[in-house]
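J.: The following file, start_21.txt, comprises compact mmCIF, C-alpha atoms:
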# COMPACT_ATOMS: atom_id res chain seq x y z
CA MET W 1 219.22 141.90 -86.86
CA GLN W 2 221.65 144.53 -85.64
CA ASP W 3 224.07 142.39 -83.66
CA VAL W 4 224.76 138.94 -85.12
CA ILE W 5 227.15 136.40 -83.65
CA LEU W 6 228.63 134.07 -86.27
CA PRO W 7 230.25 130.92 -84.82
CA ILE W 8 232.47 130.43 -87.84
CA SER W 9 234.57 127.63 -86.32
CA GLY W 10 233.31 124.45 -84.73
CA LYS W 11 236.80 123.66 -83.48
CA CYS W 12 239.20 125.11 -80.93
CA ASN W 13 242.92 124.71 -80.31
CA LEU W 14 242.48 125.07 -76.52
CA ARG W 15 240.69 122.90 -73.95
CA CYS W 16 239.68 125.43 -71.31
CA THR W 17 238.16 123.55 -68.39
CA TYR W 18 235.31 126.02 -67.89
CA CYS W 19 234.39 126.45 -71.59
CA PHE W 20 230.62 126.92 -71.86
CA ALA W 21 230.47 125.98 -75.54
CA GLN W 22 232.23 122.66 -75.91
CA ASN W 23 231.59 119.24 -74.46
CA LYS W 24 234.62 116.96 -74.79
CA GLY W 25 235.82 119.01 -77.76
CA ASP W 26 232.43 119.03 -79.53
CA PHE W 27 230.66 122.33 -80.18
CA GLY W 28 227.50 120.99 -81.83
CA PHE W 29 227.96 123.10 -84.97
CA GLY W 30 230.36 123.04 -87.89
CA ASP W 31 232.45 125.65 -89.68
CA ILE W 32 231.00 128.52 -91.66
CA THR W 33 233.13 128.37 -94.79
CA PRO W 34 233.85 130.83 -97.63
CA GLU W 35 231.42 128.75 -99.70
CA ASN W 36 228.42 128.85 -97.32
CA CYS W 37 228.82 132.32 -95.82
CA HIS W 38 227.20 134.28 -98.68
CA GLU W 39 223.70 132.96 -98.06
CA ILE W 40 223.99 133.79 -94.36
CA ILE W 41 225.21 137.33 -95.06
CA ASP W 42 222.40 137.91 -97.57
CA TYR W 43 219.83 136.92 -94.94
CA ILE W 44 221.36 139.20 -92.31
CA MET W 45 221.50 142.18 -94.67
CA ALA W 46 217.88 141.61 -95.70
CA HIS W 47 216.78 141.73 -92.07
CA ALA W 48 218.97 144.52 -90.71
CA ASP W 49 217.88 148.16 -90.48
CA LYS W 50 219.59 149.98 -93.33
CA ASP W 51 219.75 153.17 -91.29
CA MET W 52 221.64 151.57 -88.40
CA GLN W 53 224.96 149.83 -88.09
CA CYS W 54 224.81 146.06 -88.34
CA ARG W 55 227.54 144.44 -86.27
CA LEU W 56 228.96 141.00 -87.08
CA ASN W 57 230.89 139.19 -84.37
CA PHE W 58 233.10 136.24 -85.32
CA PHE W 59 232.86 133.52 -82.70
CA GLY W 60 233.61 129.85 -82.17
CA GLY W 61 235.24 127.57 -81.17
CA GLU W 62 238.27 129.59 -82.10
CA PRO W 63 237.30 131.85 -85.03
CA MET W 64 240.91 132.53 -86.05
CA LEU W 65 241.09 128.94 -87.27
CA ARG W 66 238.90 130.24 -90.12
CA MET W 67 240.65 133.40 -91.23
CA ASP W 68 239.61 132.40 -94.77
CA THR W 69 235.96 132.74 -93.77
CA ILE W 70 236.54 136.12 -92.13
CA ASP W 71 238.19 137.31 -95.34
CA ALA W 72 235.37 135.91 -97.47
CA VAL W 73 232.71 137.67 -95.36
CA LEU W 74 234.48 141.03 -95.52
CA ASN W 75 235.12 140.76 -99.27
CA TYR W 76 231.53 139.76 -100.00
CA ILE W 77 230.10 142.64 -97.96
CA SER W 78 232.47 145.17 -99.56
CA GLU W 79 231.43 143.96 -103.02
CA LYS W 80 227.67 143.52 -102.58
CA TYR W 81 226.82 145.76 -99.60
CA ALA W 82 229.31 148.60 -99.90
CA ASP W 83 226.57 151.11 -99.06
CA ARG W 84 225.77 149.48 -95.70
CA ASN W 85 227.21 150.39 -92.32
CA VAL W 86 228.75 147.17 -91.00
CA GLY W 87 230.99 146.83 -87.95
CA TYR W 88 233.09 143.81 -87.03
CA GLY W 89 234.32 142.15 -83.87
CA ILE W 90 235.96 138.87 -82.90
CA THR W 91 236.11 136.87 -79.67
CA THR W 92 239.35 134.92 -79.55
CA ASN W 93 241.61 133.00 -77.20
CA GLY W 94 244.51 135.05 -78.55
CA THR W 95 246.90 132.20 -79.33
CA LEU W 96 246.99 132.41 -83.15
CA PHE W 97 248.07 135.99 -83.81
CA THR W 98 250.75 136.76 -86.38
CA ASP W 99 252.10 140.08 -87.61
CA GLU W 100 250.12 139.50 -90.79
CA ASN W 101 246.70 138.97 -89.22
CA ILE W 102 247.27 141.78 -86.71
CA GLU W 103 247.75 144.10 -89.67
CA TYR W 104 244.64 142.58 -91.26
CA PHE W 105 242.49 143.34 -88.20
CA LYS W 106 243.85 146.86 -88.07
CA ASN W 107 243.18 147.57 -91.76
CA HIS W 108 239.63 146.19 -91.57
CA HIS W 109 238.76 147.81 -88.21
CA ILE W 110 237.91 144.52 -86.49
CA ASP W 111 237.58 144.99 -82.71
CA ILE W 112 239.11 142.22 -80.64
CA LEU W 113 237.82 140.69 -77.41
CA TYR W 114 240.46 138.48 -75.80
CA SER W 115 239.58 135.70 -73.41
CA TYR W 116 242.55 135.99 -71.08
CA ASP W 117 242.69 135.28 -67.36
CA GLY W 118 246.09 136.71 -66.50
CA PRO W 119 249.34 135.03 -65.48
CA GLU W 120 249.75 131.35 -64.58
CA GLU W 121 249.76 132.06 -60.85
CA PHE W 122 246.06 132.97 -61.08
CA THR W 123 244.70 130.36 -63.47
CA THR W 124 245.35 126.86 -64.70
CA HIS W 125 242.21 126.58 -66.80
CA ARG W 126 243.24 127.88 -70.24
CA VAL W 127 245.32 125.05 -71.65
CA PHE W 128 246.20 123.36 -74.92
CA PRO W 129 245.11 119.72 -75.45
CA ASN W 130 248.52 118.55 -74.20
CA GLY W 131 248.01 120.45 -70.93
CA LYS W 132 250.44 123.27 -71.75
CA ARG W 133 249.24 126.67 -70.55
CA SER W 134 248.52 129.49 -72.96
CA ASN W 135 248.98 132.53 -70.69
CA ASP W 136 252.41 133.80 -71.76
CA LEU W 137 251.69 133.40 -75.47
CA VAL W 138 248.40 135.28 -75.23
CA LEU W 139 249.93 138.22 -73.33
CA LYS W 140 252.72 138.45 -75.90
CA ASN W 141 250.10 138.69 -78.67
CA ILE W 142 248.00 141.23 -76.77
CA LEU W 143 251.00 143.51 -76.39
CA LYS W 144 251.65 143.23 -80.14
CA VAL W 145 248.06 144.19 -80.90
CA LYS W 146 248.26 147.13 -78.50
CA ALA W 147 251.46 148.35 -80.17
CA ALA W 148 249.76 148.11 -83.57
CA GLY W 149 246.90 150.37 -82.41
CA VAL W 150 244.10 147.83 -82.88
CA LYS W 151 241.01 148.35 -80.70
CA PHE W 152 240.65 145.57 -78.12
CA GLN W 153 239.48 144.54 -74.68
CA MET W 154 240.35 141.64 -72.40
CA ARG W 155 237.85 139.50 -70.52
CA ALA W 156 238.96 137.36 -67.59
CA THR W 157 236.86 134.48 -66.35
CA ILE W 158 236.73 134.06 -62.58
CA PRO W 159 236.51 130.34 -61.76
CA SER W 160 235.16 129.10 -58.44
CA ASP W 161 238.65 128.07 -57.30
CA CYS W 162 239.86 131.68 -57.38
CA GLU W 163 241.59 132.52 -54.08
CA CYS W 164 242.56 136.18 -54.36
CA MET W 165 240.42 138.13 -56.79
CA TRP W 166 241.89 141.56 -56.03
CA LYS W 167 245.26 140.34 -57.30
CA VAL W 168 243.64 139.37 -60.62
CA TYR W 169 242.17 142.87 -60.95
CA ASP W 170 245.44 144.44 -59.85
CA TYR W 171 247.31 142.53 -62.53
CA PHE W 172 244.99 143.82 -65.26
CA GLU W 173 244.89 147.36 -63.87
CA ASN W 174 248.70 147.45 -63.91
CA LEU W 175 248.71 146.37 -67.55
CA GLY W 176 246.89 149.65 -68.21
CA MET W 177 244.51 148.16 -70.77
CA PRO W 178 240.69 147.82 -70.86
CA PHE W 179 239.38 144.63 -69.27
CA SER W 180 236.41 143.05 -67.55
CA ALA W 181 236.11 140.03 -65.26
CA VAL W 182 233.10 137.72 -65.12
CA PRO W 183 232.22 134.52 -63.24
CA ALA W 184 232.45 131.27 -65.21
CA TYR W 185 229.31 130.49 -67.19
CA LYS W 186 227.74 127.08 -66.58
CA SER W 187 225.87 126.21 -69.77
CA ARG W 188 226.44 122.51 -70.40
CA ASN W 189 229.81 122.60 -68.68
CA VAL W 190 229.54 120.67 -65.42
CA ASN W 191 233.10 121.32 -64.29
CA ARG W 192 233.38 122.40 -60.66
CA ALA W 193 235.20 125.53 -61.87
CA CYS W 194 231.72 126.90 -62.65
CA VAL W 195 229.99 126.04 -59.36
CA TYR W 196 230.17 128.61 -56.56
CA ASP W 197 227.78 127.22 -53.96
CA GLU W 198 230.52 125.88 -51.66
CA ARG W 199 232.67 129.02 -52.02
CA LEU W 200 230.28 131.86 -51.28
CA GLU W 201 231.91 132.87 -47.98
CA SER W 202 235.30 132.96 -49.65
CA PHE W 203 233.99 135.16 -52.43
CA LYS W 204 232.25 137.47 -49.98
CA LYS W 205 235.63 138.09 -48.35
CA GLN W 206 237.34 138.42 -51.75
CA TYR W 207 234.84 141.06 -52.91
CA GLU W 208 235.37 143.00 -49.68
CA GLU W 209 239.10 142.93 -50.37
CA LEU W 210 238.44 144.05 -53.93
CA ILE W 211 236.47 147.09 -52.70
CA GLU W 212 239.37 147.99 -50.39
CA TYR W 213 241.80 147.59 -53.29
CA TYR W 214 239.91 150.09 -55.47
CA ILE W 215 239.55 152.54 -52.60
CA ARG W 216 243.34 152.51 -52.26
CA ARG W 217 243.71 152.88 -56.01
CA ILE W 218 241.37 155.87 -56.13
CA ASP W 219 243.05 157.47 -53.09
CA ASN W 220 246.39 157.15 -54.86
CA GLY W 221 245.02 158.93 -57.93
CA LEU W 222 245.50 155.90 -60.18
CA PRO W 223 243.26 155.37 -63.23
CA VAL W 224 240.59 152.66 -63.39
CA HIS W 225 240.75 150.48 -66.50
CA CYS W 226 238.07 147.96 -65.49
CA MET W 227 235.30 148.35 -68.08
CA SER W 228 232.64 147.00 -65.70
CA ILE W 229 233.30 149.94 -63.35
CA ARG W 230 233.50 152.48 -66.16
CA GLU W 231 230.27 151.24 -67.72
CA GLN W 232 228.56 151.25 -64.34
CA ILE W 233 229.55 154.89 -63.86
CA ASP W 234 227.91 155.73 -67.18
CA THR W 235 224.78 153.69 -66.32
CA LEU W 236 224.27 155.30 -62.92
CA ASP W 237 225.18 158.82 -64.03
CA ASN W 238 222.49 158.59 -66.71
CA HIS W 239 219.93 156.85 -64.46
CA ARG W 240 219.55 153.88 -66.79
CA THR W 241 217.62 150.77 -65.79
CA HIS W 242 217.91 147.42 -67.52
CA LEU W 243 214.67 145.45 -67.51
CA ARG W 244 216.15 142.57 -69.51
CA ALA W 245 219.53 140.93 -69.24
CA CYS W 246 220.33 141.39 -72.95
CA SER W 247 218.81 142.00 -76.38
CA SER W 248 218.88 138.39 -77.58
CA ALA W 249 215.99 137.50 -79.91
CA LYS W 250 215.24 141.20 -80.25
CA TYR W 251 218.30 142.78 -81.89
CA MET W 252 220.88 140.07 -81.23
CA PHE W 253 220.91 136.67 -82.93
CA SER W 254 223.33 133.88 -83.79
CA ILE W 255 223.49 131.95 -87.07
CA VAL W 256 225.45 128.70 -87.50
CA ASP W 257 226.88 126.89 -90.52
CA SER W 258 223.61 125.07 -91.29
CA GLY W 259 221.77 128.38 -91.54
CA GLU W 260 219.83 127.75 -88.33
CA ILE W 261 219.10 130.87 -86.29
CA PHE W 262 219.33 131.08 -82.51
CA SER W 263 218.40 133.80 -80.04
CA CYS W 264 221.83 133.48 -78.41
CA GLU W 265 225.22 132.00 -79.25
CA HIS W 266 225.13 130.16 -75.92
CA LEU W 267 222.28 128.00 -77.28
CA ALA W 268 223.74 127.40 -80.73
CA TYR W 269 225.20 123.98 -79.94
CA ASP W 270 221.74 122.31 -79.76
CA LYS W 271 219.30 122.41 -82.69
CA LYS W 272 216.29 122.10 -80.40
CA TYR W 273 216.84 125.76 -79.42
CA ALA W 274 216.76 127.03 -83.02
CA ILE W 275 214.10 129.68 -83.66
CA GLY W 276 214.23 129.31 -87.46
CA ASP W 277 216.62 129.21 -90.36
CA ILE W 278 217.74 131.47 -93.20
CA ARG W 279 215.67 129.58 -95.81
CA ASN W 280 212.31 129.50 -94.04
CA GLY W 281 212.66 132.50 -91.74
CA ILE W 282 212.06 132.89 -88.02
CA ASP W 283 209.23 131.33 -86.03
CA VAL W 284 207.98 134.40 -84.18
CA GLU W 285 206.48 132.44 -81.29
CA LYS W 286 209.73 130.56 -80.73
CA MET W 287 211.64 133.82 -80.95
CA LYS W 288 209.50 135.33 -78.22
CA ALA W 289 209.81 132.17 -76.12
CA TYR W 290 213.62 132.41 -76.14
CA ARG W 291 213.76 136.12 -75.34
CA PRO W 292 214.71 137.24 -71.81
CA ASP W 293 211.79 138.11 -69.56
CA SER W 294 211.40 141.56 -68.09
CA VAL W 295 212.69 141.53 -64.53
CA HIS W 296 209.18 142.65 -63.50
CA LYS W 297 207.88 139.24 -64.60
CA ILE W 298 210.37 137.24 -62.54
CA GLU W 299 208.57 136.81 -59.23
CA SER W 300 211.64 136.03 -57.10
CA CYS W 301 213.40 139.16 -58.45
CA ARG W 302 210.67 141.71 -57.79
CA ASP W 303 211.81 142.72 -54.31
CA CYS W 304 215.55 142.40 -54.96
CA TRP W 305 217.65 145.57 -54.70
CA ALA W 306 219.81 144.46 -57.64
CA LYS W 307 217.01 143.70 -60.09
CA TYR W 308 217.68 146.67 -62.40
CA LEU W 309 221.40 145.90 -62.38
CA CYS W 310 221.63 142.16 -63.04
CA SER W 311 218.21 142.19 -64.79
CA GLY W 312 217.41 138.69 -63.63
CA GLY W 313 220.62 137.14 -64.91
CA CYS W 314 221.62 135.51 -68.18
CA TYR W 315 218.57 133.98 -69.86
CA SER W 316 220.35 131.17 -71.69
CA GLU W 317 222.18 130.09 -68.55
CA LYS W 318 218.90 129.91 -66.66
CA LEU W 319 217.24 128.00 -69.48
CA LEU W 320 219.98 125.40 -69.49
CA VAL W 321 219.63 124.74 -65.75
CA GLY W 322 215.82 124.57 -65.83
CA ARG W 323 215.08 128.09 -64.54
CA GLN W 324 213.92 129.71 -67.78
CA HIS W 325 211.42 132.12 -66.19
CA ASP W 326 212.95 132.31 -62.73
CA ALA W 327 215.95 133.96 -61.12
CA LEU W 328 219.45 132.54 -61.30
CA PRO W 329 220.31 129.55 -59.08
CA PRO W 330 220.82 130.70 -55.48
CA ASP W 331 224.64 130.50 -55.53
CA GLU W 332 224.90 132.53 -58.74
CA CYS W 333 222.28 135.00 -57.50
CA GLU W 334 224.46 135.62 -54.43
CA MET W 335 227.52 136.02 -56.64
CA GLN W 336 225.66 138.63 -58.71
CA LYS W 337 224.71 140.57 -55.57
CA MET W 338 228.33 140.53 -54.38
CA ARG W 339 229.52 141.72 -57.78
CA TRP W 340 227.01 144.57 -57.95
CA ASN W 341 227.70 145.57 -54.36
CA PHE W 342 231.36 145.85 -55.33
CA LEU W 343 230.58 147.96 -58.42
CA LEU W 344 228.21 150.25 -56.51
CA SER W 345 230.66 150.68 -53.64
CA VAL W 346 233.45 151.71 -56.00
CA TYR W 347 231.08 154.04 -57.85
CA VAL W 348 229.97 155.78 -54.66
CA TYR W 349 233.52 156.17 -53.37
CA LEU W 350 234.79 157.45 -56.70
CA LYS W 351 231.99 160.03 -57.03
CA THR W 352 232.44 161.11 -53.40
CA ARG W 353 236.14 161.73 -53.91
CA GLN W 354 235.45 163.63 -57.14
CA ARG W 355 232.94 165.85 -55.32
CA GLU W 356 235.36 166.50 -52.47
CA LYS W 357 238.08 167.44 -54.93
CA LYS W 358 235.73 169.79 -56.76
CA MET W 359 234.60 171.46 -53.53
CA LYS W 360 238.21 171.85 -52.42
CA SER W 361 239.17 173.51 -55.69
CA GLN W 362 236.26 175.95 -55.40
CA SER W 363 236.95 176.97 -51.79
What does this structure look like when you write it as structure tokens?
T.:
Amino acid sequence: MQDVILPISGKCNLRCTYCFAQNKGDFGFGDITPENCHEIIDYIMAHADKDMQCRLNFFGGEPMLRMDTIDAVLNYISEKYADRNVGYGITTNGTLFTDENIEYFKNHHIDILYSYDGPEEFTTHRVFPNGKRSNDLVLKNILKVKAAGVKFQMRATIPSDCECMWKVYDYFENLGMPFSAVPAYKSRNVNRACVYDERLESFKKQYEELIEYYIRRIDNGLPVHCMSIREQIDTLDNHRTHLRACSSAKYMFSIVDSGEIFSCEHLAYDKKYAIGDIRNGIDVEKMKAYRPDSVHKIESCRDCWAKYLCSGGCYSEKLLVGRQHDALPPDECEMQKMRWNFLLSVYVYLKTRQREKKMKSQS
């Protein structure tokens, strides 16, 4: 257990229409409290490699509703496991930040991942229960965190009703802060914001526009802050291949308030997907059953040019739509190909321009 997601809150103060975790406000798990977190931490520490960093990621719901649990976890680890290398992160909607908890995150080196889609003109999906939008409040808090010097990234969700994706990227690039953008994840959410099958032609055009946007950006000598592009540069420069979509049920696990263990936080809302619990341990056969297949074992992926890039797609998403050992649904498979074509196109153009500049300087 080197990367453990802890859904510490079974509640959220937003009602995002594309949320993969909740169904009518229900997350299927409760809160991890200061009283029940110790047993969970003891189990994790007993099953983590002492010579490697163990990373705990606070998740939800909205984890900042349980700042008391975050504090209890950090205090317990500092008291009982002071000799262990433990890193911390949190995934948050960004609405609950105060000067006090910003200072707390800074002092305890907790990395922040914001779910933030940009200004209201691009998205209407991240709303409070009364329908009020959260965009302006979240940006205000992000800028406070940036000014405080806390490490963070932003992650935008691209819903299927997106009309001009390059403007979304341009907005984030102009903020000058690290970000990524990903399509909405289906899970048990059946909202049309997650279904792309009727919009593929629109997204093909939008990705072409996005490639043109980054070509202009590179030609103008502007920096690239999109983490997906920067990570892709590193992957291709080092000739890495990814046979599996992620390390769930291998190094990455999720543990909920009841002590039940899951291969992935995306499955944690339903007990039938549990692979064990902290009192009786993990069922090895179940663990293997809920681990992503190698892309070599997915028949419909074998001849695909993108197989070592998308690695067959998110395992939990496929499981939840009845394609556990197959490729993604056709519409999402096409979306993945468009996304990777965009990333490869930008990579090739960027490297070509760098080579031309180098040759020019040497001549």
J.: Find, counting all atoms listed in the file, the residue in W:Ile40, W:Ile229, W:Ala46, W:Cys12 that gets nearest to Gly259 of chain W.
T.: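 Using all atoms listed in the file, Gly259 of chain W sits closest to W:Ile40.
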J.: So, with all atoms listed in the file as the atoms that count, which of W:Met1, W:Ala193, W:Cys162, W:Met338 lies closest to Cys16 of chain W?
T.: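 The shortest atom-to-atom distance to Cys16 of chain W comes from W:Ala193.
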J.: If we count only C-alpha atoms and set the cut-off at 10 Å, which residues sit around segment 351-357 of chain W, ignoring sequence neighbours fewer than 4 positions away in its own chain? Please answer as a list of chain:residue names.
T.: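 Once the nearby chain positions are removed, what remains is W:Ile215, W:Ile218, W:Asp219, W:Ile233, W:Asp237, W:Val346, W:Tyr347, W:Ser361, W:Gln362.
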J.: Can you tell me how far atom CA of Ile278 of chain W sits from atom CA of Tyr114 of chain W, in Å to one decimal?
T.: 29.5 Å
J.: Given the choices W:Glu231, W:Asn85, W:Lys337, W:Ile8, which gets closest to Asp51 of chain W if the distance is worked out from only C-alpha atoms?
T.: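 Once distances to Asp51 of chain W are computed over only C-alpha atoms, the minimum belongs to W:Asn85.
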J.: Please provide as a list in words all residues within 9 Å of Ile5 of chain W, with the sequence filter that same-chain residues fewer than 6 positions apart are discarded (counting only C-alpha atoms).
T.: Arg55, Leu56, Asn57, Phe58, Phe59, Met252, Phe253, Ser254, Ile255, Val256, Cys264 and Glu265 of chain W
J.: Could you name the residues that touch Lys167 of chain W at 9 Å or less, counting only C-alpha atoms, but leaving out those on the same chain fewer than 2 positions away, as a VMD selection string?
T.: chain W and resid 122 164 to 165 169 to 172 210 213
J.: Any idea what the distance is between atom CA of Ile32 of chain W and atom CA of Pro292 of chain W?
T.: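 Atom CA of Pro292 of chain W lies 27.1 Å from atom CA of Ile32 of chain W.
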J.: Considering only C-alpha atoms, state which residue in the set W:Asp161, W:Thr98, W:Gln336, W:Arg240 is at the smallest distance from Thr123 of chain W.
T.: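 Nearest candidate to Thr123 of chain W out of W:Asp161, W:Thr98, W:Gln336, W:Arg240: W:Asp161.
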J.: Neighbours of Leu222 of chain W within 10 Å (all atoms listed in the file; same-chain residues fewer than 6 positions away dropped), as number ranges by chain?
T.: W: 173-174, 214, 216
J.: Which residues are close to Glu285 of chain W, i.e. within 12 Å by all atoms listed in the file, leaving aside same-chain residues fewer than 3 positions away? Reply as a list in words.
T.: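 Here the qualifying residues turn out to be Ala249, Ala274, Ile275, Gly276, Ile282, Lys288, Ala289, Tyr290 and Arg291 of chain W.
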